[in-house]
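Student: File follows, entry-v8.cif with mmCIF, C-alpha atoms:
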data_entry
loop_
_atom_site.label_atom_id
_atom_site.label_comp_id
_atom_site.auth_asym_id
_atom_site.auth_seq_id
_atom_site.Cartn_x
_atom_site.Cartn_y
_atom_site.Cartn_z
CA PRO D 1 231.35 150.75 -125.38
CA ASP D 2 233.89 151.25 -122.60
CA PRO D 3 237.00 152.72 -124.29
CA GLU D 4 239.32 150.88 -121.88
CA VAL D 5 237.65 147.54 -122.66
CA GLU D 6 237.85 148.21 -126.40
CA ALA D 7 241.53 149.11 -126.06
CA LEU D 8 242.20 145.81 -124.25
CA ARG D 9 240.31 143.89 -126.96
CA ASP D 10 242.44 145.64 -129.59
CA ARG D 11 245.54 144.45 -127.77
CA LEU D 12 244.18 140.88 -127.72
CA ALA D 13 243.63 141.14 -131.48
CA PHE D 14 247.22 142.34 -131.82
CA ALA D 15 248.44 139.35 -129.79
CA GLU D 16 246.49 137.04 -132.12
CA ALA D 17 248.10 138.74 -135.13
CA LEU D 18 251.53 138.21 -133.60
CA ARG D 19 250.67 134.54 -133.06
CA GLU D 20 249.53 134.16 -136.68
CA SER D 21 252.84 135.65 -137.87
CA ALA D 22 254.72 133.17 -135.63
CA SER D 23 256.06 135.95 -133.36
CA LEU D 24 255.19 133.77 -130.42
CA GLU D 25 257.22 135.22 -127.56
CA GLU D 26 255.95 138.71 -128.39
CA ALA D 27 252.41 137.34 -128.62
CA SER D 28 252.77 135.69 -125.22
CA ILE D 29 254.02 138.89 -123.57
CA GLU D 30 251.22 140.97 -125.08
CA ALA D 31 248.46 138.49 -124.20
CA ARG D 32 249.67 138.01 -120.62
CA GLU D 33 249.96 141.76 -120.07
CA VAL D 34 246.35 142.12 -121.18
CA LEU D 35 245.28 139.27 -118.90
CA ALA D 36 247.04 140.91 -115.95
CA ALA D 37 245.14 144.13 -116.68
CA VAL D 38 241.82 142.35 -117.12
CA VAL D 39 241.71 140.16 -113.98
CA PRO D 40 241.34 143.05 -111.46
CA ARG D 41 238.37 144.40 -113.45
CA GLN D 42 236.37 141.24 -112.59
CA ASP D 43 234.93 141.28 -116.11
CA LYS D 44 234.32 137.58 -116.74
CA TRP D 45 233.55 138.03 -120.44
CA LEU D 46 236.76 139.90 -121.12
CA GLU D 47 238.83 137.57 -118.94
CA THR D 48 237.41 134.61 -120.86
CA GLU D 49 238.53 136.17 -124.14
CA ALA D 50 241.98 136.95 -122.73
CA ARG D 51 242.52 133.41 -121.41
CA LEU D 52 241.44 131.94 -124.75
CA VAL D 53 244.20 133.95 -126.44
CA VAL D 54 246.81 133.16 -123.77
CA GLY D 55 245.93 129.46 -123.94
CA TRP D 56 246.23 129.36 -127.71
CA VAL D 57 249.58 131.16 -127.73
CA GLU D 58 250.84 128.70 -125.11
CA HIS D 59 249.73 125.89 -127.43
CA ASP D 60 251.78 127.32 -130.28
CA LEU D 61 254.77 127.64 -127.95
CA GLY D 62 254.47 123.92 -127.22
CA ARG D 63 253.51 124.40 -123.57
CA HIS D 64 250.45 122.19 -123.80
CA GLU D 65 249.78 121.59 -120.11
CA VAL D 66 249.79 125.36 -119.53
CA SER D 67 247.57 125.75 -122.59
CA GLU D 68 245.08 123.23 -121.18
CA GLU D 69 245.02 125.05 -117.84
CA GLN D 70 244.25 128.43 -119.43
CA LEU D 71 241.61 127.00 -121.76
CA ARG D 72 239.86 125.20 -118.89
CA ILE D 73 239.74 128.44 -116.90
CA ALA D 74 238.27 130.15 -119.97
CA LEU D 75 235.71 127.35 -120.26
CA ALA D 76 234.66 127.77 -116.61
CA LEU D 77 234.45 131.57 -116.86
CA GLY D 78 232.53 131.40 -120.13
CA THR D 79 230.07 128.91 -118.65
CA VAL D 80 229.43 131.03 -115.56
CA SER D 81 229.02 134.24 -117.56
CA ARG D 82 226.92 132.57 -120.29
CA ASN D 83 229.41 133.53 -122.98
CA ASP D 84 228.25 130.71 -125.24
CA ALA D 85 230.51 131.51 -128.20
CA ALA D 86 233.56 131.46 -125.91
CA VAL D 87 232.48 128.16 -124.34
CA SER D 88 232.19 126.61 -127.79
CA LEU D 89 235.64 127.87 -128.77
CA ALA D 90 237.22 126.73 -125.49
CA LEU D 91 235.80 123.22 -125.92
CA HIS D 92 236.98 123.14 -129.52
CA ARG D 93 240.53 124.17 -128.63
CA LEU D 94 240.65 121.81 -125.65
CA ALA D 95 239.68 118.91 -127.90
CA TRP D 96 242.81 119.55 -129.98
CA VAL D 97 245.21 120.22 -127.12
CA VAL D 98 243.98 117.37 -124.88
CA GLY D 99 243.04 114.81 -127.53
CA TYR D 100 245.99 115.20 -129.90
CA LYS D 101 248.80 117.22 -128.37
CA LEU D 102 248.54 115.57 -124.95
CA GLY D 103 247.52 112.19 -126.37
CA ARG D 104 244.36 111.68 -124.28
CA HIS D 105 242.39 110.47 -127.25
CA GLN D 106 239.01 109.58 -125.76
CA GLU D 107 238.91 112.74 -123.69
CA GLY D 108 239.60 114.70 -126.85
CA ARG D 109 236.78 112.95 -128.70
CA ASP D 110 234.41 113.74 -125.84
CA LEU D 111 235.44 117.41 -125.82
CA ALA D 112 234.92 117.64 -129.57
CA GLY D 113 231.43 116.17 -129.15
CA ARG D 114 230.63 118.75 -126.49
CA ALA D 115 231.99 121.53 -128.74
CA GLU D 116 229.75 120.39 -131.60
CA ALA D 117 226.69 120.25 -129.33
CA TRP D 118 227.41 123.70 -127.92
CA ALA D 119 228.01 125.17 -131.40
CA ALA D 120 224.62 123.81 -132.51
CA GLY D 121 222.95 126.11 -129.99
CA LEU D 122 224.58 129.26 -131.37
CA ASP D 123 223.05 131.55 -133.95
CA GLY D 124 224.48 131.32 -137.45
CA PRO D 125 226.64 128.65 -139.11
CA ASP D 126 229.05 126.41 -137.21
CA THR D 127 232.32 128.17 -138.11
CA GLN D 128 234.41 125.59 -136.24
CA ALA D 129 233.04 122.51 -138.01
CA SER D 130 235.93 122.17 -140.45
CA SER D 131 238.73 122.64 -137.91
CA ARG D 132 236.91 120.37 -135.43
CA ALA D 133 236.88 117.61 -138.05
CA ILE D 134 240.61 118.20 -138.58
CA SER D 135 241.19 117.80 -134.84
CA LEU D 136 239.25 114.54 -134.77
CA GLY D 137 241.17 113.33 -137.81
CA TRP D 138 244.50 113.87 -136.09
CA ILE D 139 243.24 112.27 -132.89
CA GLU D 140 242.26 109.15 -134.83
CA HIS D 141 245.53 109.19 -136.77
CA ASP D 142 247.49 109.39 -133.50
CA ALA D 143 245.34 106.60 -132.06
CA GLY D 144 246.25 104.33 -134.99
CA ASN D 145 242.93 104.52 -136.88
CA PRO D 146 243.89 105.77 -140.37
CA ASP D 147 240.55 104.94 -142.02
CA ALA D 148 238.61 106.89 -139.39
CA ALA D 149 241.14 109.72 -139.72
CA LEU D 150 240.60 109.86 -143.49
CA GLU D 151 236.85 110.16 -143.00
CA PHE D 152 237.24 113.18 -140.72
CA PHE D 153 239.78 114.84 -143.02
CA ALA D 154 237.41 114.30 -145.98
CA VAL D 155 234.63 116.03 -144.02
CA ALA D 156 236.94 118.95 -143.24
CA GLU D 157 238.07 119.21 -146.85
CA ALA D 158 234.48 119.22 -148.16
CA LEU D 159 233.43 121.92 -145.69
CA ALA D 160 236.43 124.09 -146.58
CA ARG D 161 235.90 123.69 -150.33
CA ASN D 162 232.23 124.67 -150.00
CA ALA D 163 233.11 127.93 -148.24
CA SER D 164 233.43 131.25 -150.04
CA PRO D 165 236.67 131.60 -152.07
CA SER D 166 237.29 134.88 -150.20
CA ASN D 167 237.19 133.08 -146.82
CA LEU D 168 240.87 132.97 -145.78
CA GLU D 169 240.14 130.74 -142.79
CA ALA D 170 238.53 128.19 -145.10
CA THR D 171 241.63 128.24 -147.31
CA TYR D 172 243.77 127.65 -144.22
CA ASP D 173 241.51 124.80 -143.05
CA LEU D 174 241.66 123.24 -146.52
CA GLY D 175 245.46 123.23 -146.38
CA LEU D 176 245.39 121.65 -142.92
CA ALA D 177 242.82 119.06 -144.02
CA LEU D 178 244.96 118.09 -147.02
CA ASN D 179 248.00 117.78 -144.75
CA GLY D 180 246.01 115.43 -142.53
CA THR D 181 244.83 113.43 -145.53
CA GLY D 182 248.44 113.06 -146.65
CA ALA D 183 249.52 111.82 -143.22
CA ALA D 184 246.68 109.29 -143.06
CA GLN D 185 247.38 108.04 -146.59
CA LEU D 186 251.05 107.72 -145.72
CA GLY D 187 250.04 105.65 -142.71
CA ARG D 188 248.05 103.38 -145.04
CA GLY D 189 251.01 103.05 -147.41
CA ASP D 190 249.46 104.96 -150.33
CA LEU D 191 252.50 107.10 -151.17
CA GLU D 192 251.07 108.57 -154.37
CA ALA D 193 247.91 109.84 -152.67
CA ALA D 194 249.94 111.11 -149.71
CA ALA D 195 252.35 113.04 -151.94
CA ALA D 196 249.50 114.65 -153.91
CA ALA D 197 247.77 115.77 -150.70
CA PHE D 198 250.97 117.15 -149.18
CA ASP D 199 251.84 119.07 -152.35
CA GLN D 200 248.42 120.71 -152.41
CA ALA D 201 248.72 121.56 -148.72
CA VAL D 202 252.14 123.17 -149.21
CA SER D 203 250.81 125.27 -152.09
CA LEU D 204 247.76 126.51 -150.16
CA LEU D 205 249.51 127.17 -146.86
CA SER D 206 252.51 128.87 -148.50
CA ALA D 207 250.15 131.25 -150.27
CA ARG D 208 248.23 131.91 -147.06
CA LEU D 209 251.11 132.10 -144.56
CA GLY D 210 254.35 132.43 -146.54
CA PRO D 211 256.85 129.70 -147.46
CA SER D 212 258.92 129.99 -144.26
CA HIS D 213 256.00 129.71 -141.84
CA PRO D 214 256.26 126.78 -139.39
CA ARG D 215 252.86 125.45 -140.49
CA VAL D 216 254.36 125.00 -143.96
CA GLY D 217 257.38 123.39 -142.34
CA GLN D 218 255.14 120.81 -140.68
CA VAL D 219 253.77 119.76 -144.07
CA LEU D 220 257.27 119.65 -145.56
CA ASN D 221 258.25 117.42 -142.64
CA ASN D 222 255.47 115.02 -143.57
CA ARG D 223 256.49 115.23 -147.24
CA ALA D 224 260.02 114.20 -146.26
CA SER D 225 258.61 110.98 -144.79
CA ILE D 226 257.61 109.98 -148.33
CA LEU D 227 261.22 110.36 -149.48
CA ARG D 228 262.22 107.91 -146.75
CA ALA D 229 259.46 105.50 -147.76
CA LEU D 230 260.70 105.69 -151.35
CA GLY D 231 264.18 104.62 -150.25
CA ARG D 232 265.79 108.06 -150.49
CA PRO D 233 267.03 108.53 -146.91
CA GLU D 234 269.73 111.12 -147.69
CA GLU D 235 267.17 113.43 -149.30
CA ALA D 236 264.75 112.83 -146.43
CA LEU D 237 267.44 113.68 -143.88
CA ALA D 238 268.30 116.92 -145.69
CA ALA D 239 264.62 117.90 -145.72
CA PHE D 240 264.26 117.15 -141.99
CA GLU D 241 267.38 119.18 -141.23
CA ARG D 242 265.89 122.20 -143.04
CA THR D 243 262.57 122.01 -141.19
CA TYR D 244 264.39 121.40 -137.88
CA GLU D 245 266.29 124.67 -138.35
CA MET D 246 263.04 126.43 -139.29
CA PHE D 247 261.28 125.22 -136.13
CA VAL D 248 264.18 126.08 -133.80
CA ALA D 249 264.39 129.57 -135.30
CA VAL D 250 260.68 130.20 -134.64
CA TYR D 251 259.94 128.18 -131.50
CA GLY D 252 263.27 127.68 -129.77
CA ALA D 253 264.79 124.31 -128.86
CA GLU D 254 262.01 123.07 -126.56
CA HIS D 255 258.92 122.66 -128.72
CA MET D 256 256.91 119.67 -129.88
CA ALA D 257 257.69 120.34 -133.57
CA VAL D 258 261.41 120.36 -132.75
CA GLY D 259 261.15 117.11 -130.79
CA GLN D 260 259.12 115.40 -133.52
CA THR D 261 261.59 116.45 -136.19
CA ALA D 262 264.51 115.23 -134.07
CA ALA D 263 262.69 111.88 -133.85
CA ASN D 264 262.25 111.81 -137.65
CA MET D 265 265.96 112.49 -138.06
CA ALA D 266 266.75 109.65 -135.63
CA ILE D 267 264.70 107.27 -137.79
CA VAL D 268 266.51 108.19 -141.01
CA LEU D 269 269.93 108.16 -139.36
CA GLY D 270 269.11 104.65 -138.14
CA ASP D 271 268.21 103.68 -141.72
CA LEU D 272 271.67 104.91 -142.73
CA ALA D 273 273.31 102.90 -139.89
CA ARG D 274 274.62 106.15 -138.37
CA TYR D 275 273.71 104.88 -134.93
CA GLU D 276 275.62 107.33 -132.74
CA GLU D 277 273.92 110.27 -134.48
CA SER D 278 270.58 108.43 -134.35
CA PHE D 279 270.99 107.92 -130.60
CA ALA D 280 271.79 111.61 -130.07
CA ARG D 281 268.69 112.74 -131.97
CA ALA D 282 266.49 110.17 -130.23
CA GLU D 283 267.82 111.33 -126.86
CA GLU D 284 267.06 114.93 -127.81
CA ALA D 285 263.54 113.92 -128.83
CA VAL D 286 262.96 112.07 -125.54
CA GLN D 287 264.05 115.10 -123.52
CA VAL D 288 262.09 117.69 -125.52
CA LEU D 289 258.87 115.71 -125.87
CA SER D 290 258.88 114.54 -122.25
CA LYS D 291 259.03 118.18 -121.21
CA VAL D 292 256.39 119.59 -123.58
CA ALA D 293 253.98 116.63 -123.87
CA GLY D 294 254.54 114.82 -120.57
CA GLU D 295 256.50 111.64 -119.88
CA ILE D 296 253.50 109.37 -120.53
CA HIS D 297 252.72 110.15 -124.16
CA PRO D 298 252.72 108.01 -127.35
CA LEU D 299 255.37 110.21 -128.99
CA VAL D 300 257.65 109.81 -126.00
CA ALA D 301 257.19 106.03 -126.25
CA LYS D 302 258.18 106.21 -129.93
CA CYS D 303 261.33 108.13 -129.01
CA PHE D 304 262.34 105.63 -126.33
CA ALA D 305 261.93 102.92 -128.98
CA LEU D 306 264.13 104.87 -131.40
CA ARG D 307 266.75 105.36 -128.72
CA GLY D 308 266.58 101.63 -127.97
CA ASP D 309 267.03 100.75 -131.64
CA ALA D 310 270.10 103.00 -131.82
CA GLN D 311 271.54 101.39 -128.68
CA ILE D 312 271.10 97.95 -130.20
CA GLY D 313 272.77 99.18 -133.40
CA LEU D 314 275.71 100.17 -131.18
CA ASP D 315 275.68 96.69 -129.55
CA ASN D 316 274.47 98.14 -126.22
CA TYR D 317 271.84 95.45 -125.91
CA GLU D 318 270.80 95.78 -122.27
CA ASP D 319 270.38 99.56 -122.55
CA GLY D 320 268.48 99.10 -125.79
CA ILE D 321 266.15 96.53 -124.28
CA ARG D 322 265.56 98.80 -121.30
CA ASP D 323 264.43 101.58 -123.67
CA LEU D 324 262.20 99.23 -125.64
CA LEU D 325 260.57 98.00 -122.45
CA ARG D 326 260.00 101.61 -121.39
CA ALA D 327 258.34 102.32 -124.76
CA LEU D 328 256.15 99.24 -124.39
CA SER D 329 255.12 100.28 -120.88
CA ILE D 330 254.07 103.78 -121.98
CA GLU D 331 252.15 102.46 -124.99
CA THR D 332 250.30 99.91 -122.86
CA GLU D 333 249.31 102.59 -120.35
CA VAL D 334 248.24 105.23 -122.88
CA LEU D 335 246.96 103.23 -125.86
CA GLY D 336 245.72 100.05 -124.20
CA PRO D 337 246.93 96.45 -124.50
CA ASP D 338 245.25 95.79 -127.87
CA HIS D 339 246.65 98.74 -129.83
CA PRO D 340 248.58 97.82 -133.04
CA SER D 341 251.64 99.78 -131.91
CA LEU D 342 252.20 97.24 -129.14
CA GLY D 343 252.62 94.50 -131.74
CA ILE D 344 255.38 96.52 -133.41
CA SER D 345 257.09 97.18 -130.08
CA LEU D 346 256.89 93.51 -129.06
CA THR D 347 258.37 92.47 -132.42
CA ASN D 348 261.26 94.91 -132.04
CA LEU D 349 261.81 93.72 -128.48
CA SER D 350 261.88 90.06 -129.51
CA ILE D 351 264.42 90.84 -132.26
CA ALA D 352 266.60 92.67 -129.76
CA VAL D 353 266.43 89.78 -127.30
CA SER D 354 267.38 87.32 -130.04
CA TYR D 355 270.73 89.11 -130.35
CA THR D 356 271.54 88.50 -126.70
CA HIS D 357 271.95 85.60 -124.31
CA LEU D 358 269.65 87.16 -121.73
CA THR D 359 267.05 84.97 -120.04
CA LEU D 360 263.47 86.14 -119.48
CA PRO D 361 263.97 86.84 -115.73
CA THR D 362 267.09 88.86 -116.58
CA ILE D 363 265.19 90.89 -119.17
CA TYR D 364 262.46 91.74 -116.68
CA SER D 365 265.09 92.79 -114.13
CA VAL D 366 266.49 95.23 -116.71
#
Please render this file's structure as structure tokens.

Tutor:
Amino acid sequence: PDPEVEALRDRLAFAEALRESASLEEASIEAREVLAAVVPRQDKWLETEARLVVGWVEHDLGRHEVSEEQLRIALALGTVSRNDAAVSLALHRLAWVVGYKLGRHQEGRDLAGRAEAWAAGLDGPDTQASSRAISLGWIEHDAGNPDAALEFFAVAEALARNASPSNLEATYDLGLALNGTGAAQLGRGDLEAAAAAFDQAVSLLSARLGPSHPRVGQVLNNRASILRALGRPEEALAAFERTYEMFVAVYGAEHMAVGQTAANMAIVLGDLARYEESFARAEEAVQVLSKVAGEIHPLVAKCFALRGDAQIGLDNYEDGIRDLLRALSIETEVLGPDHPSLGISLTNLSIAVSYTHLTLPTIYSV
């Protein structure tokens, strides 16, 4: 082996270790320095590996469009150089970033199908099968299909449980699968099943990553949603505030986890009729998520709706209706005209209009 190549691979492994420990800025610097050293060598295999690491670190930093760009370059390089394992991994990671993080659901499903087909041609077991099922579960959950999501999470859970007890990746996948199951059950209104799944996920991921790791924080965020559903908004708000501080400390202020948690806080503050605070958190969520996920994304639509609800709570009806119409427009474009979320948005819009004396032409002019 070329000692220089092996040294660069060691540095990529170090960047991955930094990413796993949530030292993301350090991981990004290390991975990009390696990439800069690799490109002049014109070693397509090594450049593919480097771009896979850079793309995945960018994902963790919440820079999903940059992540997609790096992963697509890795996919092209891996295809040209016949690095089949790298192609499979690039497709797998793209399915998650594109299908869930960027909200392009069907494209994500297609990428996951290609990843599965490519993995089938590799020697040995399909090591990505469990995490691929988790990705598909979250894509379906985000697309408003909780039953389909549960099926994928059940597949992932079964695969992880059947792995060797010494397989740390399987333990990690099991925690993620249980977190997904909890989210899907919460979406179906089964609070008891959701709580049980979240509690198991917290236990597994805390043991694997440590209790202050942001992955654990994401599960705790979901667990806090149950407190809200149980009519305990003050406790839910306190839990969201703790995870918000955890995410900002690790990721900085402009990250999807920070934006999502700000949106959760806006919801609970609205429940408590603290509309000025709810508006501020919804505005923060709009700004952060528009930057990291793109302006046309289902989460951004949700945040415009939250901001609109807060405006209406403050008796700013025209501004509130404008935000609700913006949410409806994004949802129609991204999710399609028959998606269930549109029914919720239309109901909220009709309630808002009922508080005003605006005519239909006036509403459309808003």

Student: Could you pull the residues within 9 Å of Arg307 of chain D, counting all atoms listed in the file, minus those fewer than 3 positions along the same chain, as an MDAnalysis selection string?

Tutor: chainID D and resid 266 278:283 286 302:304 310:312 320 323:324

Student: Please compute the atom CA of Gly78 of chain D-atom CA of Gln128 of chain D distance, one decimal, in Å.

Tutor: 17.2 Å

Student: Could you write out as a list in words the residues that the PyMOL selection byres ((chain D and resi 240) around 7) matches in the shown file?

Tutor: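 Residues picked by the PyMOL selection byres ((chain D and resi 240) around 7): Asn221, Ala224, Ala236, Leu237, Ala238, Ala239, Glu241, Arg242, Thr243, Tyr244, Thr261 and Met265 of chain D.
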
Student: Got a sec to resolve the PyMOL selection byres ((chain D and resi 195) around 9) on this structure and send the residues as a PyMOL selection string?

Tutor: chain D and resi 182+185-186+190-194+196-200+223+226

Student: What would the selection look like, as a tab-separated table (two decimals) with C-alpha atoms, in the frame of the given file, if the PyMOL selection byres ((chain D and resi 89) around 9) were run on the coordinates I just shared?

Tutor:
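Written out: out_26.tsv:
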chain	number	residue	atom	x	y	z
D	52	LEU	CA	241.44	131.94	-124.75
D	75	LEU	CA	235.71	127.35	-120.26
D	84	ASP	CA	228.25	130.71	-125.24
D	85	ALA	CA	230.51	131.51	-128.20
D	86	ALA	CA	233.56	131.46	-125.91
D	87	VAL	CA	232.48	128.16	-124.34
D	88	SER	CA	232.19	126.61	-127.79
D	90	ALA	CA	237.22	126.73	-125.49
D	91	LEU	CA	235.80	123.22	-125.92
D	92	HIS	CA	236.98	123.14	-129.52
D	93	ARG	CA	240.53	124.17	-128.63
D	94	LEU	CA	240.65	121.81	-125.65
D	115	ALA	CA	231.99	121.53	-128.74
D	119	ALA	CA	228.01	125.17	-131.40
D	128	GLN	CA	234.41	125.59	-136.24

Student: For the atom pair atom CA of Gln70 of chain D and atom CA of Trp138 of chain D, what is the interatomic distance in Å to one decimal place?

Tutor: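 Interatomic distance, atom CA of Gln70 of chain D to atom CA of Trp138 of chain D: 22.1 Å.
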
Student: Kindly give the distance, in Å, that separates atom CA of Glu65 of chain D and atom CA of Glu47 of chain D, rounded to a single decimal.

Tutor: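 These atoms are spaced 19.4 Å apart.
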
Student: Specify the axis-aligned box that encloses all atoms of segment 237-242 of chain D listed in the file after padding of 4 Å on each side, stating its centre and edge lengths in Å to one decimal as AutoDock Vina command-line options.

Tutor:
--center_x 266.3 --center_y 117.9 --center_z -143.5 --size_x 12.0 --size_y 16.5 --size_z 12.5

Student: Taking (232.1, 115.8, -128.9) as a centre in this file's frame and 12 Å as the limit, can you find every polymer residue with an atom that close, using only C-alpha atoms, and give them as an MDAnalysis selection string?

Tutor: chainID D and resid 88 91:96 99 105:120 129 132:133 135:136

Student: Applying 12 Å and all atoms listed in the file, which residues near segment 35-38 of chain D remain after dropping the ones on its own chain fewer than 2 positions away? List them as a ChimeraX atom specification.

Tutor: /D:4-9,11-12,15,28-33,40-55,70,74

Student: Of the candidates D:Arg188, D:Ser329, D:Ala76, D:His64, which shows the shortest atom-to-atom distance to Glu254 of chain D, using only C-alpha atoms?

Tutor: D:His64
